[in-house]
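K.L.:
I am sharing upload_14.txt, which consists of compact mmCIF, C-alpha atoms:
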# COMPACT_ATOMS: atom_id res chain seq x y z
CA MET A 1 -142.30 -48.85 -50.03
CA HIS A 2 -145.56 -47.25 -48.93
CA ALA A 3 -146.11 -50.12 -46.52
CA VAL A 4 -142.56 -49.94 -45.18
CA ARG A 5 -142.87 -46.22 -44.71
CA ASN A 6 -146.03 -46.84 -42.71
CA GLY A 7 -144.18 -49.16 -40.36
CA ASP A 8 -144.85 -52.53 -41.99
CA VAL A 9 -141.26 -53.60 -41.54
CA ALA A 10 -141.80 -57.12 -42.88
CA LYS A 11 -142.40 -55.64 -46.35
CA LEU A 12 -138.74 -54.74 -46.39
CA GLY A 13 -138.20 -58.37 -47.36
CA ILE A 14 -140.10 -57.79 -50.59
CA LEU A 15 -138.09 -54.67 -51.35
CA PHE A 16 -134.94 -56.63 -50.64
CA GLU A 17 -135.91 -59.39 -53.08
CA ARG A 18 -136.61 -56.85 -55.80
CA HIS A 19 -133.61 -54.63 -55.40
CA HIS A 20 -130.73 -56.40 -53.71
CA ARG A 21 -129.17 -57.80 -56.88
CA PRO A 22 -128.82 -54.51 -58.78
CA LEU A 23 -127.69 -52.83 -55.59
CA PHE A 24 -125.12 -55.52 -54.92
CA GLU A 25 -123.85 -55.39 -58.48
CA PHE A 26 -123.50 -51.62 -58.34
CA LEU A 27 -121.67 -51.72 -55.01
CA ALA A 28 -119.47 -54.67 -55.93
CA ARG A 29 -118.44 -53.08 -59.20
CA VAL A 30 -117.75 -49.71 -57.63
CA THR A 31 -115.89 -51.05 -54.59
CA GLY A 32 -114.36 -54.09 -56.29
CA ASN A 33 -115.06 -56.00 -53.10
CA ALA A 34 -117.95 -58.45 -52.88
CA ALA A 35 -117.77 -58.82 -49.10
CA ALA A 36 -117.94 -55.06 -48.63
CA ALA A 37 -120.80 -54.93 -51.14
CA GLU A 38 -122.76 -57.48 -49.09
CA ASP A 39 -122.25 -55.47 -45.92
CA LEU A 40 -123.25 -52.34 -47.73
CA VAL A 41 -126.44 -53.85 -49.18
CA GLN A 42 -127.49 -54.73 -45.66
CA ASP A 43 -126.59 -51.26 -44.47
CA VAL A 44 -128.64 -49.75 -47.29
CA PHE A 45 -131.77 -51.65 -46.26
CA VAL A 46 -131.29 -50.69 -42.64
CA ARG A 47 -131.04 -47.09 -43.78
CA VAL A 48 -134.21 -47.55 -45.85
CA LEU A 49 -135.98 -48.38 -42.61
CA LYS A 50 -134.27 -45.63 -40.72
CA TYR A 51 -135.01 -42.95 -43.26
CA ARG A 52 -138.24 -44.35 -44.67
CA ALA A 53 -140.10 -41.22 -43.68
CA THR A 54 -137.93 -39.18 -46.03
CA TRP A 55 -139.06 -41.08 -49.12
CA ARG A 56 -141.51 -39.13 -51.27
CA ASP A 57 -144.00 -40.86 -53.56
CA GLU A 58 -143.23 -38.61 -56.47
CA GLY A 59 -139.57 -39.62 -56.55
CA ARG A 60 -138.28 -42.74 -58.24
CA PHE A 61 -137.65 -45.38 -55.61
CA ASP A 62 -134.50 -46.78 -57.20
CA THR A 63 -132.94 -43.34 -57.49
CA TRP A 64 -133.62 -42.81 -53.78
CA LEU A 65 -132.22 -46.25 -53.03
CA PHE A 66 -129.04 -45.65 -55.01
CA ARG A 67 -128.61 -42.31 -53.30
CA ILE A 68 -128.68 -44.12 -49.97
CA ALA A 69 -126.24 -46.68 -51.36
CA ARG A 70 -123.80 -43.98 -52.40
CA ASN A 71 -123.90 -42.42 -48.94
CA ALA A 72 -123.51 -45.80 -47.28
CA ARG A 73 -120.47 -46.54 -49.43
CA VAL A 74 -118.84 -43.21 -48.58
CA ASP A 75 -119.42 -43.81 -44.84
CA TYR A 76 -118.19 -47.37 -45.07
CA PHE A 77 -114.86 -46.49 -46.62
CA LYS A 78 -114.46 -43.36 -44.51
CA ASN A 79 -114.28 -45.63 -41.48
CA ARG A 80 -112.11 -48.24 -43.15
CA SER A 81 -109.79 -46.23 -45.35
CA ALA A 82 -106.67 -47.66 -43.75
CA ASP A 83 -107.54 -51.31 -43.62
CA ALA A 84 -109.88 -51.91 -46.51
CA PRO A 85 -108.48 -50.53 -49.72
CA ILE A 86 -110.41 -51.02 -52.88
CA GLU A 87 -109.33 -54.29 -54.34
CA ALA A 88 -108.64 -54.97 -57.95
CA ALA A 89 -109.77 -58.05 -59.73
CA ALA A 90 -108.57 -61.30 -58.28
CA GLU A 91 -105.89 -63.17 -60.10
CA HIS A 92 -106.94 -66.77 -59.93
CA PRO A 93 -104.84 -69.28 -61.78
CA ALA A 94 -106.40 -71.09 -64.66
CA THR A 95 -108.12 -74.35 -63.90
CA THR A 96 -108.81 -75.38 -67.47
CA PRO A 97 -106.79 -74.71 -70.59
CA LEU A 98 -108.28 -72.19 -72.98
CA ALA A 99 -107.73 -71.48 -76.62
CA SER A 100 -105.05 -68.84 -77.11
CA GLU A 101 -107.53 -66.38 -78.61
CA THR A 102 -109.86 -66.72 -75.64
CA LEU A 103 -106.90 -66.47 -73.31
CA ALA A 104 -105.76 -63.23 -74.89
CA ARG A 105 -109.26 -61.83 -74.81
CA ASN A 106 -109.70 -62.74 -71.17
CA ARG A 107 -106.40 -61.11 -70.31
CA GLU A 108 -107.56 -57.95 -71.97
CA VAL A 109 -110.84 -57.98 -70.12
CA ALA A 110 -109.05 -58.60 -66.83
CA ARG A 111 -106.71 -55.72 -67.63
CA LEU A 112 -109.69 -53.52 -68.32
CA GLN A 113 -111.21 -54.46 -65.01
CA ARG A 114 -107.98 -53.54 -63.31
CA ALA A 115 -108.00 -50.24 -65.14
CA LEU A 116 -111.56 -49.68 -64.00
CA MET A 117 -110.50 -50.20 -60.39
CA LEU A 118 -107.65 -47.75 -60.83
CA LEU A 119 -109.99 -45.10 -62.16
CA ARG A 120 -111.06 -42.35 -59.80
CA GLU A 121 -114.02 -43.59 -57.84
CA ASP A 122 -116.52 -40.96 -58.96
CA ARG A 123 -115.67 -41.74 -62.58
CA ARG A 124 -115.89 -45.47 -62.03
CA GLU A 125 -119.28 -44.96 -60.43
CA LEU A 126 -120.51 -43.04 -63.45
CA ILE A 127 -119.45 -45.84 -65.78
CA VAL A 128 -121.03 -48.49 -63.58
CA LEU A 129 -124.32 -46.62 -63.41
CA ALA A 130 -124.53 -46.18 -67.17
CA ARG A 131 -122.89 -49.33 -68.48
CA TYR A 132 -124.04 -51.93 -65.99
CA ARG A 133 -127.11 -50.44 -64.39
CA GLY A 134 -128.33 -49.01 -67.70
CA MET A 135 -129.39 -45.84 -65.93
CA LYS A 136 -130.64 -43.07 -68.14
CA LEU A 137 -128.70 -39.83 -68.25
CA GLU A 138 -131.57 -38.01 -66.58
CA ALA A 139 -131.64 -40.49 -63.71
CA ILE A 140 -127.88 -40.26 -63.26
CA ALA A 141 -128.09 -36.48 -63.30
CA ASP A 142 -130.84 -36.65 -60.68
CA LEU A 143 -128.83 -39.04 -58.55
CA LEU A 144 -125.68 -36.94 -58.69
CA GLY A 145 -127.52 -33.65 -58.44
CA VAL A 146 -126.08 -32.22 -61.65
CA GLU A 147 -127.28 -31.31 -65.15
CA VAL A 148 -127.53 -33.89 -67.92
CA GLY A 149 -124.90 -31.97 -69.88
CA THR A 150 -122.52 -32.25 -66.97
CA VAL A 151 -123.07 -36.01 -66.84
CA LYS A 152 -122.19 -36.25 -70.53
CA VAL A 153 -118.99 -34.27 -70.09
CA ARG A 154 -118.00 -36.36 -67.08
CA MET A 155 -118.83 -39.56 -68.93
CA HIS A 156 -116.57 -38.59 -71.79
CA ARG A 157 -113.76 -37.80 -69.38
CA ALA A 158 -114.30 -41.01 -67.42
CA VAL A 159 -114.23 -43.35 -70.42
CA ARG A 160 -111.25 -41.56 -71.92
CA GLU A 161 -109.31 -41.90 -68.67
CA LEU A 162 -110.31 -45.51 -68.41
CA ARG A 163 -108.97 -46.14 -71.88
CA ASP A 164 -105.74 -44.29 -71.07
CA ILE A 165 -105.17 -46.35 -67.94
CA PHE A 166 -106.01 -49.52 -69.83
CA LEU A 167 -103.44 -48.73 -72.50
CA GLN A 168 -100.82 -47.74 -69.97
CA LEU A 169 -101.13 -50.86 -67.88
CA ASP A 170 -98.26 -53.14 -68.49
CA GLU A 171 -99.97 -56.44 -69.02
CA GLY A 172 -96.86 -58.48 -68.29
CA ALA A 173 -96.27 -56.82 -64.93
CA SER A 174 -99.85 -56.72 -63.76
CA TRP A 175 -101.24 -59.94 -65.07
CA ASN A 176 -99.21 -63.06 -65.04
CA THR A 177 -100.68 -66.06 -66.80
CA THR A 178 -104.17 -65.71 -65.49
CA ASN A 179 -106.93 -66.54 -67.88
CA SER A 180 -109.76 -65.62 -65.58
CA VAL A 181 -112.03 -62.85 -66.55
CA GLY A 182 -112.04 -60.54 -63.57
CA SER A 183 -113.83 -61.84 -60.54
CA TYR A 184 -114.67 -60.28 -57.24
CA PRO A 185 -112.72 -61.10 -54.13
CA THR A 186 -114.81 -61.87 -51.11
CA ALA A 187 -112.25 -61.21 -48.41
CA MET B 1 -130.90 -52.56 -69.88
CA GLU B 2 -127.33 -51.60 -70.61
CA HIS B 3 -126.29 -48.67 -72.71
CA ASP B 4 -124.73 -50.66 -75.49
CA LYS B 5 -123.62 -47.62 -77.41
CA LEU B 6 -121.54 -44.96 -75.80
CA GLY B 7 -122.28 -42.30 -78.40
CA ARG B 8 -125.57 -41.18 -76.87
CA LEU B 9 -123.90 -40.63 -73.54
CA LEU B 10 -121.21 -38.30 -74.83
CA PRO B 11 -121.50 -34.54 -75.34
CA ASP B 12 -122.01 -33.14 -78.81
CA GLY B 13 -118.92 -32.35 -80.81
CA VAL B 14 -116.76 -35.28 -79.73
CA ASP B 15 -114.41 -36.29 -82.51
CA PRO B 16 -115.94 -39.37 -84.23
CA ARG B 17 -112.61 -41.22 -84.21
CA ASP B 18 -112.22 -40.54 -80.53
CA ALA B 19 -115.82 -41.70 -80.00
CA ASP B 20 -115.15 -44.94 -81.87
CA GLU B 21 -112.06 -45.72 -79.79
CA LEU B 22 -113.92 -45.04 -76.60
CA ASP B 23 -116.82 -47.15 -77.80
CA ALA B 24 -114.46 -50.12 -78.23
CA THR B 25 -113.51 -49.79 -74.57
CA TRP B 26 -117.18 -49.38 -73.71
CA GLN B 27 -118.01 -52.60 -75.52
CA MET B 28 -115.24 -54.49 -73.76
CA LEU B 29 -116.64 -53.39 -70.40
CA GLY B 30 -119.59 -55.63 -71.19
CA ALA B 31 -117.30 -58.66 -70.99
CA ILE B 32 -116.40 -58.13 -67.34
CA GLU B 33 -118.35 -60.72 -65.45
CA SER B 34 -121.20 -59.71 -63.22
CA PRO B 35 -120.56 -60.28 -59.52
CA ALA B 36 -123.04 -62.69 -57.99
CA PRO B 37 -124.42 -62.03 -54.53
CA ASP B 38 -124.95 -64.77 -51.96
CA SER B 39 -128.65 -63.91 -51.87
CA GLU B 40 -129.55 -66.49 -49.26
CA ARG B 41 -126.97 -65.29 -46.78
CA MET B 42 -127.88 -61.67 -47.41
CA ARG B 43 -131.56 -62.45 -47.00
CA ALA B 44 -130.85 -64.15 -43.68
CA ARG B 45 -129.03 -61.05 -42.51
CA ILE B 46 -131.87 -58.80 -43.60
CA ASP B 47 -134.40 -61.07 -41.89
CA ALA B 48 -132.35 -60.76 -38.71
CA VAL B 49 -132.54 -56.99 -39.02
CA ILE B 50 -136.28 -57.15 -39.70
CA ASP B 51 -136.78 -59.41 -36.71
CA ALA B 52 -134.79 -57.10 -34.50
CA ILE B 53 -136.72 -54.04 -35.56
CA ASP B 54 -140.07 -55.76 -35.84
CA HIS B 55 -139.88 -56.65 -32.17
CA ALA B 56 -139.19 -53.10 -31.17
CA PRO B 57 -142.10 -51.05 -29.85
CA GLY B 58 -143.85 -48.84 -32.37
CA PHE B 59 -143.66 -51.14 -35.36
CA THR B 60 -146.46 -53.10 -37.00
CA ARG B 61 -145.79 -56.81 -36.66
CA THR B 62 -146.85 -58.45 -39.87
CA THR B 63 -145.33 -61.47 -41.49
CA GLU B 64 -146.50 -61.10 -45.07
CA GLY B 65 -143.64 -61.23 -47.49
CA ARG B 66 -141.27 -62.55 -44.84
CA ARG B 67 -139.21 -65.59 -45.52
CA HIS B 68 -137.61 -67.11 -42.53
CA PRO B 69 -133.93 -67.86 -42.88
CA THR B 70 -133.45 -71.40 -44.04
CA ARG B 71 -130.27 -71.76 -42.09
CA GLY B 72 -130.97 -72.46 -38.47
CA TYR B 73 -128.51 -71.35 -35.92
CA VAL B 74 -126.98 -74.07 -33.83
CA LEU B 75 -127.60 -72.31 -30.56
CA GLN B 76 -131.22 -71.67 -31.38
CA GLY B 77 -131.66 -75.28 -32.42
CA LEU B 78 -130.15 -76.51 -29.20
CA ALA B 79 -132.24 -74.10 -27.18
CA THR B 80 -135.41 -75.18 -28.93
CA ALA B 81 -134.61 -78.83 -28.33
CA ALA B 82 -133.82 -78.16 -24.68
CA MET B 83 -137.01 -76.18 -24.24
CA LEU B 84 -138.98 -78.98 -25.84
CA VAL B 85 -137.50 -81.46 -23.38
CA ILE B 86 -138.28 -79.17 -20.47
CA GLY B 87 -141.76 -78.56 -21.83
CA ILE B 88 -142.40 -82.30 -22.05
CA GLY B 89 -141.10 -82.59 -18.50
CA ILE B 90 -143.54 -79.95 -17.33
CA GLY B 91 -146.37 -81.78 -19.05
CA TRP B 92 -145.34 -85.06 -17.48
CA PHE B 93 -145.21 -83.56 -13.99
CA ALA B 94 -148.55 -81.89 -14.44
CA ARG B 95 -150.19 -85.10 -15.60
CA SER B 96 -148.61 -87.41 -13.04
CA GLY B 97 -149.24 -85.09 -10.10
CA GLY B 98 -145.53 -84.87 -9.38
CA PHE B 99 -143.24 -87.10 -7.35
CA ALA B 100 -144.92 -86.69 -4.01
CA SER B 101 -148.06 -88.72 -4.40
CA GLY B 102 -147.50 -90.48 -1.09
CA ALA B 103 -146.07 -87.61 0.89
CA SER B 104 -147.75 -85.73 3.69
CA ARG B 105 -148.04 -82.48 1.67
CA PRO B 106 -150.60 -82.47 -1.11
CA ALA B 107 -149.05 -83.78 -4.32
CA SER B 108 -150.33 -80.88 -6.38
CA ASN B 109 -148.20 -78.40 -4.38
CA ASP B 110 -145.02 -80.27 -5.21
CA ALA B 111 -146.00 -80.54 -8.84
CA THR B 112 -146.70 -76.82 -8.99
CA ALA B 113 -143.31 -76.09 -7.47
CA GLN B 114 -141.62 -78.39 -9.97
CA ILE B 115 -143.43 -76.76 -12.87
CA ALA B 116 -142.46 -73.32 -11.62
CA ALA B 117 -138.84 -74.46 -11.34
CA MET B 118 -138.88 -75.81 -14.87
CA ARG B 119 -140.41 -72.64 -16.21
CA ALA B 120 -137.66 -70.69 -14.52
CA GLU B 121 -135.17 -73.03 -16.15
CA MET B 122 -136.72 -72.31 -19.56
CA ARG B 123 -136.40 -68.61 -18.88
CA ASP B 124 -132.77 -69.07 -17.90
CA LEU B 125 -132.15 -71.10 -21.01
CA ARG B 126 -133.65 -68.46 -23.29
CA GLU B 127 -131.58 -65.85 -21.54
CA MET B 128 -128.46 -67.93 -21.86
CA VAL B 129 -129.07 -68.39 -25.58
CA SER B 130 -129.61 -64.66 -26.04
CA LEU B 131 -126.39 -63.87 -24.22
CA SER B 132 -124.48 -66.55 -26.11
CA LEU B 133 -125.72 -65.30 -29.46
CA MET B 134 -124.66 -61.79 -28.53
CA GLN B 135 -121.10 -63.05 -28.08
CA GLN B 136 -120.91 -64.67 -31.52
CA GLN B 137 -118.49 -63.51 -34.19
CA SER B 138 -121.18 -63.18 -36.82
CA ALA B 139 -123.04 -59.88 -36.74
CA SER B 140 -126.28 -61.51 -37.86
CA GLU B 141 -126.12 -63.93 -34.92
CA ARG B 142 -125.45 -61.07 -32.54
CA LEU B 143 -128.49 -59.36 -34.04
CA LYS B 144 -130.48 -62.50 -33.33
CA GLY B 145 -129.24 -62.42 -29.77
CA VAL B 146 -130.40 -58.86 -29.35
CA THR B 147 -133.77 -59.83 -30.85
CA TRP B 148 -134.16 -62.72 -28.46
CA THR B 149 -133.83 -60.41 -25.50
CA GLY B 150 -137.13 -58.88 -26.62
CA GLN B 151 -138.82 -62.24 -26.02
CA LEU B 152 -137.59 -62.64 -22.47
CA ASP B 153 -140.32 -62.18 -19.85
CA ARG B 154 -138.17 -60.95 -17.02
CA PRO B 155 -134.63 -60.51 -18.26
CA SER B 156 -131.93 -60.32 -15.64
CA GLY B 157 -129.55 -57.44 -15.11
CA GLU B 158 -126.98 -59.43 -17.03
CA VAL B 159 -129.04 -59.06 -20.21
CA VAL B 160 -129.30 -55.31 -19.74
CA THR B 161 -125.56 -55.11 -19.12
CA ALA B 162 -124.88 -57.16 -22.26
CA LEU B 163 -127.15 -54.88 -24.30
CA LEU B 164 -125.39 -51.79 -22.97
CA ASP B 165 -122.04 -53.36 -23.70
CA ALA B 166 -123.14 -54.12 -27.26
CA LEU B 167 -124.40 -50.56 -27.66
CA MET B 168 -121.04 -49.17 -26.63
CA HIS B 169 -118.67 -51.65 -28.22
CA ASP B 170 -120.23 -53.81 -30.92
CA PRO B 171 -118.35 -53.14 -34.18
CA ASN B 172 -121.48 -53.58 -36.29
CA VAL B 173 -123.76 -50.57 -36.70
CA ASN B 174 -126.84 -52.72 -37.22
CA VAL B 175 -126.30 -54.55 -33.97
CA ARG B 176 -125.87 -51.26 -32.14
CA LEU B 177 -129.07 -49.93 -33.74
CA ALA B 178 -131.01 -53.04 -32.74
CA THR B 179 -129.62 -52.73 -29.24
CA ILE B 180 -131.06 -49.25 -28.88
CA ASP B 181 -134.51 -50.58 -29.77
CA ALA B 182 -134.08 -53.47 -27.36
CA LEU B 183 -133.04 -51.14 -24.56
CA GLU B 184 -136.21 -49.09 -24.84
CA ARG B 185 -138.15 -51.45 -22.62
CA PHE B 186 -135.56 -50.94 -19.90
CA ALA B 187 -135.55 -47.17 -20.22
CA SER B 188 -136.86 -46.77 -16.69
CA GLN B 189 -133.59 -48.17 -15.35
CA GLU B 190 -131.05 -45.60 -14.27
CA GLU B 191 -128.20 -47.67 -15.68
CA VAL B 192 -129.78 -47.73 -19.14
CA ARG B 193 -130.46 -44.01 -19.18
CA ARG B 194 -126.91 -43.22 -18.13
CA GLY B 195 -125.54 -45.67 -20.68
CA ALA B 196 -127.55 -44.08 -23.48
CA ILE B 197 -126.36 -40.59 -22.56
CA LEU B 198 -122.76 -41.81 -22.51
CA ALA B 199 -123.23 -43.59 -25.83
CA VAL B 200 -124.66 -40.58 -27.61
CA GLN B 201 -121.48 -38.71 -26.76
CA GLN B 202 -119.12 -41.50 -27.73
CA GLN B 203 -120.69 -43.04 -30.82
CA ARG B 204 -119.33 -41.87 -34.15
CA SER B 205 -121.89 -43.48 -36.45
CA PRO B 206 -124.50 -40.89 -37.47
CA LEU B 207 -127.14 -43.63 -37.68
CA VAL B 208 -126.52 -44.68 -34.13
CA GLN B 209 -126.30 -41.11 -32.90
CA ILE B 210 -129.66 -40.28 -34.49
CA ALA B 211 -131.25 -43.41 -33.04
CA LEU B 212 -129.93 -42.48 -29.61
CA ILE B 213 -131.31 -38.96 -29.90
CA ASP B 214 -134.69 -40.47 -30.80
CA PHE B 215 -134.32 -42.75 -27.79
CA MET B 216 -133.78 -39.71 -25.52
CA VAL B 217 -136.87 -38.04 -26.91
CA LYS B 218 -139.04 -41.16 -26.68
CA THR B 219 -138.01 -41.76 -23.11
CA ASN B 220 -138.18 -38.04 -22.31
CA GLU B 221 -134.67 -38.16 -20.91
CA ARG B 222 -134.06 -34.62 -19.73
CA GLU B 223 -130.68 -35.53 -18.29
CA SER B 224 -129.47 -35.82 -21.88
CA VAL B 225 -130.01 -32.13 -22.67
CA ALA B 226 -126.39 -31.16 -22.01
CA ALA B 227 -125.09 -33.99 -24.19
CA LEU B 228 -127.49 -33.14 -27.01
CA ARG B 229 -126.52 -29.48 -26.79
CA ARG B 230 -122.85 -30.41 -27.18
CA LEU B 231 -123.72 -32.52 -30.22
CA ALA B 232 -125.79 -29.74 -31.77
CA MET B 233 -122.93 -27.29 -31.42
CA ASP B 234 -120.06 -29.53 -32.46
CA PRO B 235 -118.95 -28.65 -36.02
CA GLN B 236 -117.22 -32.03 -36.32
CA VAL B 237 -120.53 -33.82 -35.97
CA ASN B 238 -122.51 -34.89 -39.03
CA ASP B 239 -125.01 -32.22 -40.17
CA ALA B 240 -127.98 -34.57 -39.94
CA VAL B 241 -127.00 -35.53 -36.41
CA ARG B 242 -126.66 -31.90 -35.37
CA ALA B 243 -130.07 -31.13 -36.85
CA ARG B 244 -131.54 -34.13 -35.05
CA ALA B 245 -129.93 -33.05 -31.79
CA GLU B 246 -131.48 -29.60 -32.18
CA TRP B 247 -134.83 -31.23 -32.83
CA GLY B 248 -134.32 -33.41 -29.76
CA LEU B 249 -133.56 -30.38 -27.63
CA GLN B 250 -136.78 -28.74 -28.80
CA GLN B 251 -138.75 -31.87 -27.98
CA LEU B 252 -137.26 -32.14 -24.54
CA GLY B 253 -138.05 -28.46 -24.07
How would this structure read if it were set down as structure tokens?
P.N.:
Amino acid sequence: MHAVRNGDVAKLGILFERHHRPLFEFLARVTGNAAAAEDLVQDVFVRVLKYRATWRDEGRFDTWLFRIARNARVDYFKNRSADAPIEAAAEHPATTPLASETLARNREVARLQRALMLLREDRRELIVLARYRGMKLEAIADLLGVEVGTVKVRMHRAVRELRDIFLQLDEGASWNTTNSVGSYPTA
Amino acid sequence: MEHDKLGRLLPDGVDPRDADELDATWQMLGAIESPAPDSERMRARIDAVIDAIDHAPGFTRTTEGRRHPTRGYVLQGLATAAMLVIGIGIGWFARSGGFASGASRPASNDATAQIAAMRAEMRDLREMVSLSLMQQQSASERLKGVTWTGQLDRPSGEVVTALLDALMHDPNVNVRLATIDALERFASQEEVRRGAILAVQQQRSPLVQIALIDFMVKTNERESVAALRRLAMDPQVNDAVRARAEWGLQQLG
């Protein structure tokens, strides 16, 4: 990042190789839309170039990067609120028969993914950061600009709401006979 | 990597039964599949951005760490092939002394004229490819098109018009940003300066607005002062843009 900050733009390629997967995963899980996540990853790296002078050595690079990603996501959906709603998990029909136990399990997981997408976005983001990015509480607190205690309280609320939505979802109405574990639509 | 146990993430005093139930949900979250990026496509898009910016003035042009996109673009391939053919033609003319070996004028004059004509053709071809790429549906190809304009020796007015059009109307922010960089070399043209001033008032993307403000400062465009002042005072405008506009006004004095 030092090199990029000093104008060595080609080094952005190295940063991209190191960080695009976790960034993509974060954005895809939060938006539920792989195509949007791809666009956003690109936008994030353009912003890295644009705002490279604002990066400070003492800060953690990934926290800075995720902060940019959060802003990019907000801007992206601000401009597309009408035509690009957050999508839930795709419902692809089964291509191979599965054992009934696996089928039931997969249905549950798919229902949970749907519940996750129905959760308020800030709460979904918190879960994604902790569960999938493995971010420490301190790093999340730094990213969100709140105290660690506040993160814990919000986390409790977020997971409880997720569970409530999960339990309330009528499996029969929402999920037909799909046996796919949630996947990410690309359109 | 993942927080496998929820307990550590919850506040003190949560009912243990409640914590156990929530932990079951937490565990199940681990079964949701991880989305996989199309890394190659994304890398190609980033390389296009790097190319676009790397060719702008003020950036170091190094290639370390760069991987060129493995997917060639059809237009570029065709252009390269055509340029190769023309290049071979130029070489052939130069070596053979041209067509007019028996004519009254010295043969070398004809050959020189032919070579000049072919070089002009190569220029036209490059320009045509740039313009064609800028009309493509894919944003990364349009970015390539904008980048190619930076390699044109003496681009025509059509290229400048296409860049201005992209600045005003391209739906992709990255293309518009690259366009601003590409337009810098034409900043002495009245049309470009007027277009940039118009754009800074019409664009809604903070990134593009900030880049345009920087453009005004770099090119010392004093005609933009009124537009920047309006931006700086508009409460609807993004805070960072307003701050940048104020900075721009100070720079333009």
K.L.:
Taking all atoms listed in the file into account and nothing else, which residues of chain A lie no more than 7 Å away from chain B? Please answer as a PyMOL selection string.
P.N.:
chain A and resi 7-11+13-14+21+24-25+28+38+42+109+113+130-134+149+152-153+155-156+159-160+163+181-184
K.L.:
Calculate how many Å separate atom CA of A:Asn33 from atom CA of A:Leu162, rounding to one decimal.
P.N.:
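Computing the Euclidean distance for atom CA of A:Asn33 and atom CA of A:Leu162 yields 19.2 Å.
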K.L.:
Pick out the closest residue to B:Val208 from this set: A:Ala69, A:Leu169, A:Val46, A:Ile140. Count all atoms listed in the file.
P.N.:
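Checking each of A:Ala69, A:Leu169, A:Val46, A:Ile140 against B:Val208, counting all atoms listed in the file, the winner is A:Val46.
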K.L.:
Between A:Ala36, A:Ala72, A:Ala158, A:Leu15, which is the closest to A:Arg123 once you count all atoms listed in the file?
P.N.:
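Counting all atoms listed in the file, the residue closest to A:Arg123 is A:Ala158.
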K.L.:
Using all atoms listed in the file, pick whichever of B:Ala162, B:Ala245, B:Ala227, B:Leu125 has the shortest atom-to-atom distance to B:Arg176.
P.N.:
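Of B:Ala162, B:Ala245, B:Ala227, B:Leu125, the one nearest B:Arg176 is B:Ala162, counting all atoms listed in the file.
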K.L.:
Tell me, as a ChimeraX atom specification, which residues lie within 12 Å of B:Ile197, counting only C-alpha atoms; anything in the same chain fewer than 2 positions away does not count.
P.N.:
/B:164,167-168,180,187,190-195,199-203,209,211-217,219,221-231
